[in-house]
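Text of the file my_file.cif, holding mmCIF, C-alpha atoms:
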data_query
#
loop_
_atom_site.label_atom_id
_atom_site.label_comp_id
_atom_site.auth_asym_id
_atom_site.auth_seq_id
_atom_site.Cartn_x
_atom_site.Cartn_y
_atom_site.Cartn_z
CA MET G 195 86.77 101.58 124.19
CA THR G 196 84.83 98.32 123.87
CA THR G 197 85.06 96.07 120.83
CA THR G 198 81.35 96.60 120.16
CA ALA G 199 81.36 100.42 119.94
CA PRO G 200 80.01 101.68 116.61
CA LEU G 201 82.72 102.86 114.24
CA ASP G 202 82.83 104.75 110.95
CA ILE G 203 84.93 102.42 108.76
CA TYR G 204 86.40 103.48 105.42
CA LEU G 205 87.96 101.17 102.82
CA SER G 206 90.25 102.92 100.35
CA VAL G 207 90.61 101.57 96.82
CA SER G 208 92.15 102.49 93.48
CA PRO G 209 89.88 105.09 91.82
CA GLY G 210 87.57 103.40 89.32
CA LEU G 211 87.13 100.22 91.37
CA GLU G 212 84.79 101.52 94.08
CA ASP G 213 81.74 99.61 92.80
CA VAL G 214 83.65 96.34 92.59
CA LEU G 215 84.93 96.72 96.15
CA LEU G 216 81.38 97.52 97.26
CA HIS G 217 80.26 94.18 95.82
CA GLU G 218 83.01 92.37 97.71
CA ALA G 219 82.27 94.20 100.97
CA ARG G 220 78.57 93.33 100.84
CA GLN G 221 79.33 89.73 99.92
CA THR G 222 81.64 89.56 102.95
CA GLY G 223 78.76 90.60 105.21
CA PHE G 224 79.14 94.36 105.44
CA ASN G 225 75.57 94.85 104.31
CA ASP G 226 75.26 98.61 104.89
CA ALA G 227 78.38 99.39 102.84
CA ARG G 228 78.09 102.22 100.31
CA THR G 229 80.46 103.82 97.83
CA VAL G 230 82.02 107.22 98.41
CA ALA G 231 84.78 109.05 96.58
CA GLY G 232 87.86 106.84 96.51
CA GLY G 233 86.39 103.96 98.47
CA VAL G 234 83.63 102.31 100.44
CA GLU G 235 82.32 103.11 103.91
CA PHE G 236 80.16 101.32 106.47
CA SER G 237 79.45 101.24 110.19
CA GLY G 238 80.70 98.42 112.36
CA SER G 239 82.64 97.20 115.37
CA TRP G 240 86.33 96.60 115.98
CA PRO G 241 85.94 92.91 115.04
CA ASP G 242 84.49 94.17 111.75
CA VAL G 243 87.69 96.18 111.27
CA TRP G 244 89.76 93.06 111.88
CA ARG G 245 87.60 91.02 109.52
CA ALA G 246 87.81 93.64 106.76
CA ASN G 247 91.60 93.66 106.94
CA TYR G 248 91.83 89.88 107.06
CA LEU G 249 89.29 88.89 104.42
CA LEU G 250 88.79 91.68 101.87
CA ARG G 251 91.02 91.14 98.86
CA GLY G 252 90.42 94.48 97.14
CA ALA G 253 90.76 97.15 99.84
CA VAL G 254 94.00 99.16 99.85
CA ARG G 255 93.65 100.28 103.50
CA VAL G 256 91.06 100.04 106.27
CA LEU G 257 90.67 103.34 108.11
CA VAL G 258 88.60 104.11 111.20
CA ARG G 259 87.35 107.69 111.32
CA VAL G 260 87.67 108.64 114.97
CA ALA G 261 86.61 112.29 114.76
CA THR G 262 84.85 114.69 112.37
CA PHE G 263 84.27 118.36 113.09
CA PRO G 264 84.12 121.77 111.36
CA VAL G 265 87.22 123.94 111.58
CA VAL G 266 88.22 127.26 110.04
CA HIS G 267 91.37 128.37 111.89
CA LEU G 268 94.36 126.77 113.61
CA SER G 269 93.49 127.79 117.15
CA GLN G 270 90.11 126.13 116.76
CA LEU G 271 91.78 122.98 115.40
CA ASP G 272 94.23 122.94 118.31
CA LYS G 273 91.45 123.27 120.87
CA LYS G 274 89.27 120.53 119.35
CA ALA G 275 92.19 118.16 118.82
CA ARG G 276 93.15 118.42 122.49
CA LYS G 277 89.60 117.51 123.57
CA LEU G 278 89.63 114.22 121.69
CA ASP G 279 89.84 110.97 123.66
CA TRP G 280 93.17 109.87 122.19
CA ALA G 281 93.85 107.44 125.03
CA SER G 282 90.86 105.30 124.05
CA TRP G 283 92.21 104.89 120.51
CA LEU G 284 95.99 104.76 120.96
CA PRO G 285 98.20 102.85 123.40
CA ARG G 286 100.21 104.66 126.04
CA GLY G 287 103.66 105.58 124.72
CA ALA G 288 102.61 104.81 121.16
CA ALA G 289 104.97 105.24 118.23
CA LEU G 290 103.01 107.38 115.77
CA GLN G 291 103.23 108.93 112.34
CA PHE G 292 100.99 111.61 110.88
CA SER G 293 99.87 112.77 107.45
CA ALA G 294 97.65 115.72 106.55
CA SER G 295 95.92 117.13 103.49
CA CYS G 296 93.82 120.27 102.96
CA ARG G 297 91.41 120.97 100.12
CA GLN G 298 88.94 123.78 99.45
CA SER G 299 89.24 125.03 103.02
CA LYS G 300 90.28 128.11 104.97
CA LEU G 301 92.99 125.98 106.51
CA TYR G 302 95.30 125.22 103.62
CA HIS G 303 98.73 124.71 105.22
CA ALA G 304 98.91 120.92 105.66
CA ARG G 305 102.13 121.01 107.67
CA ALA G 306 100.63 123.39 110.26
CA VAL G 307 97.48 121.26 110.47
CA GLN G 308 99.57 118.14 110.98
CA GLN G 309 101.61 119.81 113.72
CA ARG G 310 98.55 120.84 115.77
CA VAL G 311 96.97 117.39 115.70
CA ARG G 312 100.33 115.66 116.21
CA ASP G 313 101.12 117.68 119.33
CA ALA G 314 97.67 116.99 120.81
CA ALA G 315 97.94 113.24 120.25
CA LEU G 316 101.52 112.91 121.47
CA GLU G 317 100.81 114.82 124.67
CA ALA G 318 97.65 112.81 125.37
CA VAL G 319 99.32 109.39 125.20
CA GLY G 320 102.94 110.24 125.91
CA GLY G 321 103.78 109.10 122.42
CA ARG G 322 106.73 109.57 120.08
CA ILE G 323 107.22 110.03 116.35
CA ASP G 324 108.25 107.04 114.23
CA ASP G 325 107.79 107.74 110.52
CA ALA G 326 108.88 104.23 109.58
CA ASP G 327 106.78 101.94 111.77
CA GLY G 328 104.49 104.16 113.83
CA LEU G 329 100.72 103.83 113.96
CA ARG G 330 99.44 106.15 111.25
CA VAL G 331 97.06 109.03 112.03
CA GLN G 332 95.56 110.66 108.94
CA ILE G 333 94.16 114.21 109.02
CA ARG G 334 92.06 115.43 106.12
CA ILE G 335 90.42 118.85 105.87
CA ALA G 336 87.98 119.27 102.99
CA LYS G 337 85.48 122.11 102.68
CA ASN G 338 86.28 123.18 106.26
CA ILE G 339 85.46 119.75 107.73
CA CYS G 340 88.29 117.98 109.54
CA THR G 341 88.31 114.18 109.58
CA ILE G 342 90.84 112.31 111.71
CA SER G 343 91.35 108.63 110.94
CA LEU G 344 93.44 105.75 112.24
CA ASP G 345 95.03 103.45 109.70
CA THR G 346 94.26 99.98 111.06
CA SER G 347 96.11 98.14 108.29
CA GLY G 348 99.71 99.29 108.60
CA GLU G 349 101.41 98.21 105.40
CA LEU G 350 99.23 98.51 102.31
CA LEU G 351 96.96 95.50 102.02
CA HIS G 352 98.35 94.34 98.67
CA ARG G 353 101.41 93.27 100.67
CA ARG G 354 100.03 89.86 101.50
CA GLY G 355 103.40 88.59 102.70
CA PHE G 356 103.95 86.02 99.94
CA LYS G 357 104.95 87.78 96.70
CA LEU G 358 108.59 88.41 97.42
CA SER G 359 109.69 87.76 93.83
CA VAL G 360 108.51 90.42 91.38
CA VAL G 361 109.13 91.40 87.76
CA LYS G 362 108.86 94.77 86.08
CA ALA G 363 105.52 96.63 86.13
CA PRO G 364 103.70 94.16 88.42
CA ILE G 365 100.00 94.50 89.11
CA ARG G 366 99.11 94.72 92.78
CA GLU G 367 97.24 91.85 94.40
CA THR G 368 94.38 94.10 95.53
CA MET G 369 93.77 95.34 91.99
CA ALA G 370 94.13 91.86 90.52
CA ALA G 371 91.52 90.53 92.93
CA LEU G 372 89.01 93.23 91.99
CA LEU G 373 89.63 92.80 88.26
CA LEU G 374 88.98 89.08 88.62
CA ARG G 375 85.77 89.88 90.48
CA ALA G 376 84.77 92.40 87.79
CA CYS G 377 85.03 89.53 85.29
CA GLY G 378 82.57 87.50 87.35
CA TYR G 379 85.19 85.20 88.82
CA ALA G 380 84.08 83.58 92.09
CA GLY G 381 86.49 80.64 92.45
CA GLU G 382 84.31 78.19 90.55
CA GLU G 383 86.25 77.83 87.29
CA PRO G 384 89.85 77.55 86.07
CA VAL G 385 91.86 80.68 85.33
CA LEU G 386 94.72 81.07 82.85
CA ASP G 387 97.13 83.97 82.41
CA PRO G 388 99.33 83.56 79.30
CA MET G 389 101.48 86.58 80.22
CA CYS G 390 101.64 85.87 83.92
CA GLY G 391 104.75 87.75 85.02
CA SER G 392 105.25 86.94 88.71
CA GLY G 393 101.88 85.15 88.82
CA THR G 394 99.60 87.63 90.55
CA PHE G 395 96.35 86.85 88.70
CA VAL G 396 96.92 83.09 88.87
CA ILE G 397 97.80 83.06 92.56
CA GLU G 398 94.93 85.37 93.52
CA ALA G 399 92.49 83.17 91.61
CA ALA G 400 93.86 80.04 93.27
CA GLU G 401 93.62 81.57 96.76
CA ILE G 402 90.02 82.65 96.13
CA ALA G 403 89.07 79.16 94.96
CA ALA G 404 90.80 77.62 97.99
CA GLY G 405 89.10 80.03 100.40
CA LEU G 406 92.40 81.33 101.74
CA PRO G 407 92.06 84.70 103.54
CA ALA G 408 94.02 87.52 101.96
CA GLY G 409 95.61 88.59 105.25
CA ARG G 410 96.66 85.21 106.59
CA GLY G 411 100.39 85.83 106.04
CA ARG G 412 100.87 89.22 107.69
CA SER G 413 100.28 91.36 110.76
CA PHE G 414 98.17 94.51 111.05
CA ALA G 415 98.36 97.85 112.83
CA PHE G 416 95.13 97.17 114.74
CA GLU G 417 96.95 94.48 116.72
CA ARG G 418 98.74 97.32 118.57
CA LEU G 419 95.59 99.26 119.51
CA PRO G 420 93.89 99.20 122.96
CA SER G 421 90.74 97.79 121.35
CA PHE G 422 92.52 94.61 120.22
CA ASP G 423 91.37 91.30 121.73
CA ALA G 424 93.87 88.51 120.96
CA ASP G 425 91.43 85.69 121.82
CA ARG G 426 88.69 87.01 119.54
CA TRP G 427 91.26 87.58 116.80
CA THR G 428 92.44 83.96 117.09
CA ALA G 429 88.84 82.75 116.89
CA LEU G 430 88.17 84.90 113.83
CA LYS G 431 91.14 83.43 111.98
CA ALA G 432 90.20 79.89 112.98
CA ALA G 433 86.76 80.40 111.41
CA HIS G 434 88.34 80.65 107.93
CA PRO G 435 90.47 77.50 107.43
CA GLY G 436 90.17 77.30 103.64
CA ARG G 437 88.69 74.57 101.45
CA GLU G 438 89.61 72.16 98.69
CA THR G 439 89.18 72.99 95.01
CA ALA G 440 89.26 70.73 91.97
CA PHE G 441 90.33 73.49 89.58
CA LEU G 442 93.80 74.17 88.19
CA PHE G 443 95.16 77.70 87.77
CA SER G 444 97.73 78.15 85.04
CA GLY G 445 100.21 80.76 83.98
CA SER G 446 102.85 81.07 81.31
CA ASP G 447 105.35 83.68 80.23
CA ARG G 448 108.15 83.79 77.70
CA ASP G 449 110.49 85.08 80.43
CA ALA G 450 111.89 82.07 82.30
CA GLY G 451 112.87 84.31 85.22
CA ALA G 452 109.29 85.49 85.60
CA VAL G 453 108.05 81.90 85.60
CA GLU G 454 110.49 80.96 88.36
CA ALA G 455 109.33 84.00 90.35
CA ALA G 456 105.71 82.94 89.91
CA ARG G 457 106.47 79.41 91.13
CA ALA G 458 108.30 80.76 94.18
CA ASN G 459 105.40 83.11 95.00
CA ALA G 460 102.87 80.29 94.62
CA ALA G 461 104.91 78.10 96.95
CA ARG G 462 105.00 80.78 99.63
CA SER G 463 101.25 81.29 99.18
CA GLY G 464 100.57 77.60 99.71
CA VAL G 465 98.93 77.02 96.32
CA THR G 466 101.62 75.02 94.52
CA ASP G 467 99.36 71.98 94.23
CA ILE G 468 96.65 73.87 92.33
CA THR G 469 98.84 76.09 90.15
CA ARG G 470 101.01 75.40 87.15
CA PHE G 471 103.51 77.73 85.49
CA GLU G 472 105.52 77.17 82.33
CA THR G 473 107.79 79.10 80.00
CA ALA G 474 105.97 79.71 76.74
CA ASP G 475 105.32 82.43 74.18
CA ILE G 476 101.73 83.63 73.81
CA ARG G 477 101.65 82.04 70.36
CA ASP G 478 102.28 78.61 71.89
CA THR G 479 99.68 78.87 74.66
CA ARG G 480 96.99 76.20 74.69
CA SER G 481 93.93 75.50 76.82
CA PRO G 482 95.01 73.58 79.95
CA GLY G 483 91.94 71.35 80.06
CA GLU G 484 88.51 70.52 78.75
CA GLN G 485 86.53 72.76 81.10
CA PRO G 486 86.57 76.40 79.97
CA GLY G 487 87.05 79.25 82.39
CA LEU G 488 88.57 82.72 82.41
CA VAL G 489 91.64 83.97 80.57
CA MET G 490 92.96 86.95 82.53
CA ILE G 491 95.75 88.89 80.88
CA ASN G 492 97.68 92.08 81.61
CA PRO G 493 99.88 92.63 78.53
CA PRO G 494 102.40 95.46 78.09
CA TYR G 495 100.69 98.81 77.42
CA GLY G 496 103.41 100.82 75.78
CA ALA G 497 102.98 103.45 78.49
CA ARG G 498 105.46 101.74 80.75
CA ILE G 499 106.95 98.74 78.98
CA GLY G 500 107.90 98.57 75.33
CA ASN G 501 107.18 100.70 72.31
CA ARG G 502 103.52 101.15 71.41
CA LYS G 503 103.93 100.43 67.69
CA ALA G 504 105.94 97.33 68.44
CA LEU G 505 103.09 96.04 70.60
CA TYR G 506 100.55 95.67 67.80
CA PRO G 507 101.97 92.27 66.73
CA VAL G 508 101.79 91.16 70.37
CA TYR G 509 98.11 92.06 70.62
CA HIS G 510 97.45 90.44 67.23
CA ALA G 511 99.03 87.25 68.59
CA ILE G 512 96.92 87.41 71.75
CA GLY G 513 93.75 87.61 69.71
CA ASP G 514 94.75 84.91 67.22
CA THR G 515 95.70 82.49 69.98
CA LEU G 516 92.60 83.00 72.09
CA ARG G 517 90.14 82.91 69.18
CA SER G 518 91.63 79.73 67.74
CA ARG G 519 92.31 77.69 70.91
CA PHE G 520 90.04 78.93 73.68
CA SER G 521 86.50 78.29 72.56
CA GLY G 522 84.12 78.64 75.49
CA TRP G 523 86.56 80.70 77.56
CA ARG G 524 85.84 84.26 78.65
CA VAL G 525 88.58 86.86 78.35
CA GLY G 526 89.50 89.74 80.63
CA LEU G 527 92.22 92.01 79.25
CA VAL G 528 93.72 95.06 80.95
CA THR G 529 95.31 97.84 78.92
CA SER G 530 95.67 101.60 78.79
CA ASP G 531 95.23 101.76 75.01
CA ASP G 532 91.90 101.16 73.29
CA ALA G 533 93.58 100.78 69.90
CA LEU G 534 95.76 97.97 71.23
CA ALA G 535 92.73 96.23 72.71
CA ARG G 536 90.92 96.45 69.37
CA ALA G 537 94.02 95.06 67.64
CA THR G 538 93.26 91.67 69.22
CA ARG G 539 90.03 91.52 67.17
CA LEU G 540 88.38 89.89 70.16
CA PRO G 541 84.64 90.55 70.64
CA PHE G 542 84.94 92.85 73.63
CA SER G 543 81.88 94.43 75.17
CA ARG G 544 82.00 98.07 76.22
CA PRO G 545 85.17 98.62 78.32
CA GLY G 546 84.93 99.17 82.03
CA PRO G 547 85.54 102.46 83.85
CA ILE G 548 88.93 104.14 83.86
CA ILE G 549 91.12 102.83 86.71
CA ASP G 550 94.14 104.55 88.16
CA HIS G 551 97.02 102.03 88.08
CA SER G 552 99.99 103.82 89.67
CA GLY G 553 99.42 106.89 87.53
CA ILE G 554 98.48 105.02 84.34
CA LYS G 555 94.84 105.09 83.29
CA ILE G 556 93.78 101.54 82.43
CA ARG G 557 90.51 99.84 81.55
CA LEU G 558 89.22 96.28 81.70
CA TYR G 559 88.02 94.75 78.43
CA GLN G 560 85.84 91.63 78.61
CA THR G 561 84.32 89.09 76.28
CA ALA G 562 81.50 86.62 76.63
CA PRO G 563 82.52 82.95 76.11
CA LEU G 564 84.40 82.79 72.80
CA ALA G 565 82.80 80.91 69.94
#
Take the structure in the file and give it back as structure tokens.
Amino acid sequence: MTTTAPLDIYLSVSPGLEDVLLHEARQTGFNDARTVAGGVEFSGSWPDVWRANYLLRGAVRVLVRVATFPVVHLSQLDKKARKLDWASWLPRGAALQFSASCRQSKLYHARAVQQRVRDAALEAVGGRIDDADGLRVQIRIAKNICTISLDTSGELLHRRGFKLSVVKAPIRETMAALLLRACGYAGEEPVLDPMCGSGTFVIEAAEIAAGLPAGRGRSFAFERLPSFDADRWTALKAAHPGRETAFLFSGSDRDAGAVEAARANAARSGVTDITRFETADIRDTRSPGEQPGLVMINPPYGARIGNRKALYPVYHAIGDTLRSRFSGWRVGLVTSDDALARATRLPFSRPGPIIDHSGIKIRLYQTAPLA
């Protein structure tokens, strides 16, 4: 398979964030991208696959759909799976893992479906099963249409390779990046998180401003595929060296351990010089400078951390602090509870769509610049 062959590329994302990822994909140069259920799709080449993995901050995985065909019984699936050109997609002797799902189809036994496709692929390339580190083949049958995809990412893309220190109920980097984008953040203003935890919002904002690619600190599954070209990959990475920024990105938290974790994560990410973290209660938070920017905050929801009734004073304090000390700043607040958001008494516009955050339904609340 050549690196210029047309491919059907699918970017998965947390439900509710498809439109935001679409905006990022188009801004990154994938101009024919369009939203579909659970993600974004576009046509491209293998270098486009590499670039999507390396640059996109919001995608959860990058899949390449290698085959799509109708199927209504197992013998038909077995026959079609054995006719596929597995050797052009997978290396000889590949370590592989498989997953399958069936929905609204005559074939409903996912394990049997997985077995048929698995056997065809393993025989074609002389492969073996490795459920820990194998290249992942995904089989999905919906409405009697079978789609077979290769996971070109490997580990989920929020695993940038830098955030080794975490605190309870962290937000994933991919979601943080899209929530920042949904607030209009483009790296051209300071960002403050007064409940920063392990620093995800602050570090993501700093990396965006510094032009640091999301995937610079990790490897990808596509590097093990026959289509991979090491020289072109090296050139692609060299084309994105980063840039300088004059902005400062600040975080604070009342938990000293969380602050230390945030500092360690920022150091590994290479953004120590443009980030600042301190131990402080929300009530003591002050604007870090004269130029206003974006306050991005992910407070406890009550669904996972803390008691809901006990959180009302916390949300009151958030609102009091931001209204009194952050004139000119915009606010982006994430919560699962509309009543808690309203308890801040901040002038939020209509909340964003419902987003699935590890089983919790959250929404983004935004303000215009505060008076």
Discussion item. I'd like the residues picked by the PyMOL selection byres ((chain G and resi 349-363) around 6) written out as a PyMOL selection string, using the chain letters and numbers from the file.
Written reply: chain G and resi 254-255+348+364+366-368+392+409+411-412+455+459+462-463
Q. Once the PyMOL selection byres ((chain G and resi 370) around 9) has been applied to the shown file, what residues remain in the selection, as a PyMOL selection string?
A. chain G and resi 251-252+365-369+371-375+394-395+398-399
- Pick from G:Val266, G:Ile397, G:Leu271, G:Ala281 nearest to Arg457 in chain G, counting only C-alpha atoms: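 With only C-alpha atoms as the atom set, the closest residue is G:Ile397.
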In Å and to one decimal, CA of Val214 in chain G is distant from CA of Arg426 in chain G by 29.0 Å
Could you tell me, as a VMD selection string, exactly which residues end up selected when the PyMOL selection byres ((chain G and resi 199-208) around 8) is applied to this structure? chain G and resid 195 to 198 209 to 212 215 232 to 240 243 252 to 260 369 549 to 551
Using all atoms listed in the file, can you tell me which of G:Arg312, G:His510, G:Arg418, G:Arg245 comes closest to Ala433 in chain G?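 Looking at the shortest contact to Ala433 in chain G, the residue is G:Arg245.
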Report, in Å with one decimal, the straight-line distance from CA of Asp213 in chain G to CA of Gly391 in chain G.
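Computing the Euclidean distance for CA of Asp213 in chain G and CA of Gly391 in chain G yields 27.0 Å.
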Item checked: Non-local contacts of range 378-388 of chain G (10 Å; only C-alpha atoms; under 4 positions in same chain excluded) as number ranges by chain -> G: 371-374, 393-405, 439-448, 468-483, 485-493, 512, 516, 523-527
